[in-house]
2 protein chains.
Amino acid sequence: MSGETQTGNMSAQRLKALRSLMASQPTPLAAYIIPTADAHNSEYIAAADARRAWLSGFTGSAGTALVSSRALMWTDGRYYTQFARQTDAAVWTLMRQSLPDTPTMDKWITANLKKGSVVGVDPRTISREEWTPLQASLAQAKIKLVAVQKNLVDEARSVMGEKLPPRPCNEVVPLPVEYTGKPAGQKIKELREKMIEKKAEALVITALDEVAYTLNLRGSDIEYNPVFFSYLLITQAKVVLFWANGHLPPTVVDHLKGEGAEVEGRAYDEILNYLIEQAKNLSRTGDGDHSIWLSSDASEAVHRAASGEGVIEKPLNLISEVSPVALAKLVKNEVELEGFRKCHIKDGVAVVRFLRWLHEQISAGNNVTEIQAADKLLEFRKEEKDFMGPSFETIPGAGENGAIIHYSPSREGEQRVIKPDDVFLLDSGGQYKDGTTDITRTRYMGAPDKIPGPFKAAFTRVLRGQAALGSALFPKGVKGNVLDSLARRPLWEVGMDYAHGTGHGVGHCLNVHEGPAGVSWRPYPHDPGLAPGQVLSNEPGYYKVGEYGIRHEDLVEIVAITKDSDHPKAANLLDDYDGRGVLGFSTLTMVPHHRICIAVDLLDDFELAYINGYHQRVLRTLEPVLQQRGLVEDLDWLKAECAPITRE
Amino acid sequence: MSGETQTGNMSAQRLKALRSLMASQPTPLAAYIIPTADAHNSEYIAAADARRAWLSGFTGSAGTALVSSRALMWTDGRYYTQFARQTDAAVWTLMRQSLPDTPTMDKWITANLKKGSVVGVDPRTISREEWTPLQASLAQAKIKLVAVQKNLVDEARSVMGEKLPPRPCNEVVPLPVEYTGKPAGQKIKELREKMIEKKAEALVITALDEVAYTLNLRGSDIEYNPVFFSYLLITQAKVVLFWANGHLPPTVVDHLKGEGAEVEGRAYDEILNYLIEQAKNLSRTGDGDHSIWLSSDASEAVHRAASGEGVIEKPLNLISEVSPVALAKLVKNEVELEGFRKCHIKDGVAVVRFLRWLHEQISAGNNVTEIQAADKLLEFRKEEKDFMGPSFETIPGAGENGAIIHYSPSREGEQRVIKPDDVFLLDSGGQYKDGTTDITRTRYMGAPDKIPGPFKAAFTRVLRGQAALGSALFPKGVKGNVLDSLARRPLWEVGMDYAHGTGHGVGHCLNVHEGPAGVSWRPYPHDPGLAPGQVLSNEPGYYKVGEYGIRHEDLVEIVAITKDSDHPKAANLLDDYDGRGVLGFSTLTMVPHHRICIAVDLLDDFELAYINGYHQRVLRTLEPVLQQRGLVEDLDWLKAECAPITRE
């Protein structure tokens with residue numbers, strides 16, 4: 001469906017087919033919920049799981065549809081315009097998620113459906129931690145939430161004679177230990193030790209990046225995310241990978257054996273039945289009081305199967321909490337960190353080369369469209385060693401498009417050309433075998449004397465926020481949310497803000513958005529506390545709707561700081577928070593900020609020195625690489641961009 | 001028990017009596033939980049509810065005892081020393097709550113008690129929102145949590161022939177509308193409107209300050225908190241106050257009538273039976289599907305009674321969430337705010353007079369003990385109009401005692417004299433009919449040239465933190481926790497921190513600690529978002545164990561800020577967060593900081609101007625009052641203390 005706009009009629013027909021299936025359920029459904037979700041709680045989904053988009057025509061990355069006699073869609077501010085463009089207002093009603101007057105879905109249901117109503121959802125598309133409060137909220141109003149085993153949107157699609165998009169099952173490749181730093185066998189051993197502590201008979205790993213991480217394997221089933229559709233089950237006796245038809249290719253088997261992991265293959269579709277059989281078998285042994293460990297964001301379907309709910313008389317205990325794989329993966333080991341540092345140098349070279357190219361083109365009066373810019377950047381990245389592809393769809397926001405936070409230009413129709421008086425916001429990243437990058441830089445495409453004052457002031461305030469967070473010292477173990485306001489403060493002081501979080505976790509050659517920690521005004525419920533080795537983004541912004549967007553995004557590594565550390569505040573340390581330990585950030589990203597956009601008079605001395613210090617570090621780091629590769633013009637350009645900024 | 005130290009033998013006998021009662025329950029209890037709680041989830045409790053203290057000898061304000069074959073006490077870092085002093089280590093085991101290696105109570109139970117064990121608790125002493133997760137956690141390990149209707153500690157006390165301390169039932173007095181700004185009848189009307197929106201048949205108000213607020217009545221049943229033991233039930237038909245024996249005195253009846261509230265009196269002890277009868281009656285009418293509204297922090301006992309659980313076949317729905325009274329009370333009306341401003345002027349006069357007196361005494365070489373200082377301060381406060389008493393027990397921390405965050409000197413034994421080379425931390429407050437105060441100032445008692453440099457630097461950093469929070473601008477509706485790090489930042493930068501939150505809500509002539517909002521690294525779960533009219537404390541600190549404590553505490557009022565506001569950052573405003581609205585603080589407290597302790601070179605220009613501006617405002621505000629009352633020497637002293645601070 002992507003890119004295509006449905007007619008209202010098409011969506012109405014699809015809704016009709018769905019409603020007819022809702023009515024024919026054993027207990028007819030008053031409403032059916034269609035989240036944007038696959039069975040693994042993935043942030044980005046494959047076409048096979050894009051049921052909400054098929055039904056409505058709305059292709060935004062976030063949104064939950066509720067179909068009753070009406071058709072409602074909850075989505076956030078990023079998508080109001082796109083929703084209006086892609087759906088028929090006679091058929092679909094937009095529920096503006098972030099606005100205070102918009103009821104949440106559970107409140108809407110309890111206010112609009114009759115007592116005794118039944119609401120259905122596919123239990124594979126909703127996590128247990130979403131299911132539980134939703135069920136409780138509806139129950140208060142005597143409305144029942146039921147798990148409908150067959151997905152009714154898929155059914156409707158079949159009824160209408162359409163073929164379902166096949167689930168991708170691309171090649172799975174090993175990521176050697178020189179990149180991962182820890183063999184799969186060792187990771188499994190450590191998980192098994194944790195299972196013994198927890199008294200868990202089995203650990204069910206459902207998140208795709210967690211399977212990939214544990215086995216040191218990568219795939220390409222979901223765009224930009226090097227993962228593959230699978231489940232992993234670990235017991236003390238065996239490891240079972242549910243993938244494709246269950247036949248693991250020799251390369252994979254050899255890799256796993258080489259890393260000390262004996263893994264049995266089973267078909268992807270077998271998972272629920274396998275878990276149910278396991279529950280049955282366990283219920284017959286010992287005192288019948290076994291526990292299965294899984295992530296609280298695993299689906300309701302997996303939770304039920306794992307406990308044997310509805311199948312065995314006394315369901316097994318579930319230890320449903322943040323996954324131990326998520327916690328392990330969050331703290332990068334020294335090999336992964338070294339890879340992050342290395343790939344950021346390569347990525348810096350690519351972005352620097354691109355920026356020089358772009359400024360040259362615009363200065364020369366050549367037409368460059370947003371998409372051409374994104375394509376050119378990809379070309380440069382492809383020249384770098386171990387580059388695998390973009391880590392997400394590049395956001396090349398020229399002028400007013402920069403104010404659309406998740407902007408994605410269409411390749412069809414008229415193209416936006418980057419103009420000399422544009423602010424250009426470029427958010428992009430790469431997947432490398434040694435790490436993942438994610439960088440945003442904001443450039444002014446014209447002459448320094450043409451830069452609008454308010455833009456320059458805002459650019460500088462966002463940069464001050466990034467510097468405040470980037471240079472912060474804080475106690476080990478505090479959660480990321482406590483740092484959020486440090487980055488916002490220079491904007492808040494003048495009544496400005498940005499409608500997104502300040503930082504997200506980043507996977508190692510994995511998902512560019514990775515939990516369970518992050519920096520936002522909203523606490524991350526499973527954040528275990530900040531610790532050395534975590535990699536986060538630091539990306540405050542400011543968006544002037546209709547004019548421009550500003551975002552400065554670096555990736556940063558959390559490091560332990562002592563008085564002797566190479567950190568601008570280390571020398572001032574008087575204590576280590578009574579023994580808790582001092583943490584700070586080290587910036588991984590290696591691309592200078594656009595110096596002509598910095599209003600020096602808005603910076604205090606520390607901020608000025610911090611920015612100059614960062615630019616010197618970028619130059620010192622990239623210079624030998626550019627030199628060695630004979631990229632003399634790029635080096636000259638970089639030298640000029642990194643020259644010290646001084647007060648008039 | 002207060003002040004007295006039990007012998008281990010005495011506690012062992014009490015435990016023996018308790019264990020014998022545990023064993024004689026219909027299902028014998030493997031463990032019994034004794035929280036520090038009354039039936040109203042009060043922060044401070046009356047002697048009648050101090051069961052944990054009676055049993056153990058430990059009188060700290062926080063702590064939960066668990067009695068099995070062992071006797072364990074969970075409490076936090078404030079009380080480790082006191083616990084060791086007051087209890088016998090052969091009988092009681094301390095569980096150090098804040099340390100990462102200490103299991104939480106539920107983890108300890110599941111790890112140490114056998115499957116099938118039964119754990120008991122008095123359901124009046126545990127809130128539903130504590131009960132639910134505890135029960136779920138124990139259930140995972142097949143351990144059952146049961147509500148034991150009679151309090152077993154009270155029973156044990158009776159068995160041992162001791163009389164239970166009587167529940168206080170002091171005089172209840174009206175707080176006239178010139179102080180409250182809204183008649184009780186109006187408050188009840190507004191609650192009834194909310195009940196209609198919620199489709200709630202009844203609203204049960206269980207928190208003592210919420211009853212007092214709703215009816216504009218005050219009492220003195222709990223020290224420092226002007227509340228009275230009671231429950232309030234509101235339906236569309238009537239209002240029932242459960243208090244004492246149910247006979248409301250004529251002053252109260254007249255007051256309520258005068259404020260348009262018809263209130264029926266019932267005995268305090270009738271509440272549970274009344275709720276059960278109400279549930280029975282409701283279950284017989286309509287479609288049997290009525291809802292009762294109560295606070296999620298109401299006790300498990302009240303929740304059960306309100307729904308008719310265990311009594312009627314189909315229990316009523318409960319709307320168990322943050323109380324509408326808590327939300328109403330949080331945002332002060334204009335009369336309450338005006339009262340807050342006025343009582344802070346009076347309180348400022350009293351504290352200024354006291355500080356001058358204290359410095360004079362110490363300079364003259366007179367001995368002043370911590371307790372004498374606290375008593376003298378009370379004398380000065382008593383001279384102020386509408387003063388009712390201290391709002392909490394004064395914390396007069398000289399030298400090393402200042403580092404004990406909740407320090408309370410004993411009136412028995414040797415007294416700590418305030419010495420000329422002491423740092424003196426004084427945290428105190430008053431209850432006035434027009435408002436409540438809570439102020440901490442930190443003074444150096446000797447000559448300016450004797451002030452230790454590290455203390456001066458720390459004093460200044462804490463003050464910078466207070467100024468950063470006090471001068472912050474932020475969007476309307478953000479929750480208090482996002483502001484916490486602004487106050488910590490100047491300390492964090494040098495590896496220093498403080499082990500308490502930065503701000504708590506304050507009641508209007510009510511509890512000095514008031515929910516549901518606050519400023520802390522821990523999010524307040526029921527914080528509805530910051531809004532104009534809320535009153536919070538702003539109190540960063542720093543504690544050097546064994547040497548001194550520093551805390552600067554002001555109360556602040558949240559105000560809406562526009563470009564024209566009287567706020568040091570108002571003129572710089574460029575936007576109002578896209579229409580969300582700009583908030584800031586206005587400081588209510590009117591006492592200068594100790595100028596000789598401020599290291600001017602650590603302040604930036606804004607901070608210096610901010611502190612001088614505050615001192616000028618204090619002087620401008622108090623000068624006419626001191627003048628009028630002929631307190632010339634106090635005025636002279638204040639003028640000197642408020643003189644502008646300049647760079648060398």
# chains A, B, ... in the order shown; residues from 1 in each chain; ligands from 1

$ residues_around --residues "Ala202 in chain A" --least-positions-apart "6" --cutoff "6 Å" --atoms "only C-alpha atoms" --output "ChimeraX atom specification"
/A:234-235,292

$ write_last_selection --atoms "N, CA, C and O atoms" --output "CSV table (one decimal), in the first residue's frame"
chain,number,residue,atom,x,y,z
A,234,ILE,N,15.5,-20.8,25.2
A,234,ILE,CA,16.7,-21.3,25.8
A,234,ILE,C,16.2,-22.1,27.1
A,234,ILE,O,15.5,-21.5,27.9
A,235,THR,N,16.7,-23.3,27.2
A,235,THR,CA,16.5,-24.0,28.5
A,235,THR,C,17.9,-24.5,28.9
A,235,THR,O,18.9,-24.2,28.1
A,292,ILE,N,8.4,-19.8,33.6
A,292,ILE,CA,8.9,-19.5,32.2
A,292,ILE,C,9.2,-18.0,32.3
A,292,ILE,O,8.4,-17.2,32.7

$ residues_around --residues "Asp604 in chain A" --least-positions-apart "5" --cutoff "10 Å" --atoms "only C-alpha atoms" --output "ChimeraX atom specification"
/A:464,609-610 /B:604

$ write_last_selection --atoms "N, CA, C and O atoms" --output "PDB file, in the first residue's frame"
ATOM      1  N   ARG A 464      23.505  24.888  22.365  1.00  0.00           N
ATOM      2  CA  ARG A 464      23.799  25.029  23.799  1.00  0.00           C
ATOM      3  C   ARG A 464      23.162  23.881  24.585  1.00  0.00           C
ATOM      4  O   ARG A 464      23.751  23.352  25.523  1.00  0.00           O
ATOM      5  N   ALA A 609      34.248  27.151  24.389  1.00  0.00           N
ATOM      6  CA  ALA A 609      35.412  26.267  24.454  1.00  0.00           C
ATOM      7  C   ALA A 609      35.007  24.824  24.149  1.00  0.00           C
ATOM      8  O   ALA A 609      35.744  24.081  23.497  1.00  0.00           O
ATOM      9  N   TYR A 610      33.814  24.440  24.601  1.00  0.00           N
ATOM     10  CA  TYR A 610      33.348  23.071  24.382  1.00  0.00           C
ATOM     11  C   TYR A 610      33.161  22.793  22.890  1.00  0.00           C
ATOM     12  O   TYR A 610      33.583  21.756  22.370  1.00  0.00           O
TER      13      TYR A 610
ATOM     14  N   ASP B 604      27.549  33.288  38.296  1.00  0.00           N
ATOM     15  CA  ASP B 604      27.597  34.069  37.059  1.00  0.00           C
ATOM     16  C   ASP B 604      26.753  35.333  37.268  1.00  0.00           C
ATOM     17  O   ASP B 604      26.138  35.523  38.325  1.00  0.00           O
TER      18      ASP B 604
END

$ residues_around --residues "Ala468 in chain B" --least-positions-apart "2" --cutoff "10 Å" --atoms "only C-alpha atoms" --output "list in words"
Val462, Leu463, Arg464, Gly465, Gln466, Gly470, Ser471, Ala472, Leu473, Leu483, Ser485, Leu486, Ala487, Arg488, Arg489, Pro490, Phe606, Glu607 and Tyr610 of chain B

$ atom_distance --atom1 "CA of Ala84 in chain B" --atom2 "CA of Ala12 in chain B"
15.7 Å

$ residues_around --residues "Leu574 in chain A" --least-positions-apart "5" --cutoff "8 Å" --atoms "only C-alpha atoms" --output "ChimeraX atom specification"
/B:494-496

$ interface_residues --of "chain B" --to "chain A" --cutoff "8 Å" --atoms "only C-alpha atoms" --output "PyMOL selection string"
chain B and resi 140-141+317-319+472-475+481-486+492-497+521+523+569+572-578+582

$ closest_residue --among "A:Ser158, A:Asn41, A:Gln628, A:Thr102" --to "Arg14 in chain A" --atoms "only C-alpha atoms"
A:Ser158

$ residues_around --residues "range 270-273 of chain A" --least-positions-apart "6" --cutoff "12 Å" --atoms "only C-alpha atoms" --output "VMD selection string"
chain A and resid 39 123 to 124 149 204 to 206 229 to 233 240 to 246 279 to 280 299 to 309 311

$ residues_around --residues "Ala23 in chain A" --least-positions-apart "5" --cutoff "12 Å" --atoms "only C-alpha atoms" --output "VMD selection string"
chain A and resid 16 to 18 28 to 32 67 to 69 118 to 120 152

$ select_by_dssp --residues "range 482-583 of chain B" --states "alpha helix (DSSP H)" --output "PyMOL selection string"
chain B and resi 484-492

$ select_by_dssp --residues "range 269-334 of chain A" --states "strand (DSSP E)" --output "PyMOL selection string"
chain A and resi 291-295+317-321

$ residues_around --residues "range 55-58 of chain A" --least-positions-apart "5" --cutoff "6 Å" --atoms "only C-alpha atoms" --output "PDB file with all heavy atoms, in the first residue's frame"
ATOM      1  N   GLN A   6      -5.601   5.394  -0.921  1.00  0.00           N
ATOM      2  CA  GLN A   6      -6.842   4.659  -1.147  1.00  0.00           C
ATOM      3  C   GLN A   6      -7.968   5.618  -1.455  1.00  0.00           C
ATOM      4  O   GLN A   6      -8.016   6.722  -0.920  1.00  0.00           O
ATOM      5  CB  GLN A   6      -7.232   3.889   0.113  1.00  0.00           C
ATOM      6  CG  GLN A   6      -6.412   2.677   0.370  1.00  0.00           C
ATOM      7  CD  GLN A   6      -6.983   1.905   1.540  1.00  0.00           C
ATOM      8  OE1 GLN A   6      -7.904   2.374   2.198  1.00  0.00           O
ATOM      9  NE2 GLN A   6      -6.454   0.742   1.767  1.00  0.00           N
ATOM     10  N   SER A  11     -11.503   1.697   1.024  1.00  0.00           N
ATOM     11  CA  SER A  11     -11.419   1.469   2.461  1.00  0.00           C
ATOM     12  C   SER A  11     -12.774   1.053   3.020  1.00  0.00           C
ATOM     13  O   SER A  11     -12.861   0.176   3.890  1.00  0.00           O
ATOM     14  CB  SER A  11     -10.911   2.726   3.172  1.00  0.00           C
ATOM     15  OG  SER A  11     -10.788   2.490   4.552  1.00  0.00           O
ATOM     16  N   PHE A  83      -2.439  11.783   7.482  1.00  0.00           N
ATOM     17  CA  PHE A  83      -3.678  11.036   7.686  1.00  0.00           C
ATOM     18  C   PHE A  83      -4.801  11.638   6.850  1.00  0.00           C
ATOM     19  O   PHE A  83      -5.542  10.920   6.163  1.00  0.00           O
ATOM     20  CB  PHE A  83      -4.058  11.044   9.163  1.00  0.00           C
ATOM     21  CG  PHE A  83      -5.309  10.277   9.455  1.00  0.00           C
ATOM     22  CD1 PHE A  83      -5.274   8.907   9.663  1.00  0.00           C
ATOM     23  CD2 PHE A  83      -6.547  10.921   9.476  1.00  0.00           C
ATOM     24  CE1 PHE A  83      -6.441   8.188   9.905  1.00  0.00           C
ATOM     25  CE2 PHE A  83      -7.708  10.210   9.719  1.00  0.00           C
ATOM     26  CZ  PHE A  83      -7.660   8.842   9.938  1.00  0.00           C
ATOM     27  N   GLN A  86      -4.311  10.745   3.205  1.00  0.00           N
ATOM     28  CA  GLN A  86      -4.381   9.347   2.784  1.00  0.00           C
ATOM     29  C   GLN A  86      -5.714   8.664   3.070  1.00  0.00           C
ATOM     30  O   GLN A  86      -5.952   7.564   2.586  1.00  0.00           O
ATOM     31  CB  GLN A  86      -3.256   8.545   3.463  1.00  0.00           C
ATOM     32  CG  GLN A  86      -1.866   8.968   2.985  1.00  0.00           C
ATOM     33  CD  GLN A  86      -0.773   8.079   3.555  1.00  0.00           C
ATOM     34  OE1 GLN A  86      -0.818   7.702   4.714  1.00  0.00           O
ATOM     35  NE2 GLN A  86       0.210   7.756   2.730  1.00  0.00           N
ATOM     36  N   THR A  87      -6.549   9.281   3.907  1.00  0.00           N
ATOM     37  CA  THR A  87      -7.802   8.601   4.242  1.00  0.00           C
ATOM     38  C   THR A  87      -9.005   9.469   3.883  1.00  0.00           C
ATOM     39  O   THR A  87      -8.882  10.678   3.701  1.00  0.00           O
ATOM     40  CB  THR A  87      -7.881   8.251   5.746  1.00  0.00           C
ATOM     41  OG1 THR A  87      -7.906   9.469   6.472  1.00  0.00           O
ATOM     42  CG2 THR A  87      -6.718   7.396   6.189  1.00  0.00           C
TER      43      THR A  87
END

$ closest_residue --among "A:Thr285, A:Ser98, A:Gln534, A:Asn151" --to "Ile558 in chain A" --atoms "only C-alpha atoms"
A:Gln534

$ closest_residue --among "A:Tyr524, A:Tyr548, A:Tyr407, A:Phe340" --to "Val506 in chain A" --atoms "only C-alpha atoms"
A:Phe340

$ atom_distance --atom1 "CA of Asn538 in chain A" --atom2 "CA of Leu588 in chain A"
10.6 Å

$ closest_residue --among "A:Pro168, A:Gly348, A:Gly185, A:Gly430" --to "Thr621 in chain A" --atoms "only C-alpha atoms"
A:Gly348

$ atom_distance --atom1 "CA of Met73 in chain A" --atom2 "CA of Met95 in chain A"
5.6 Å
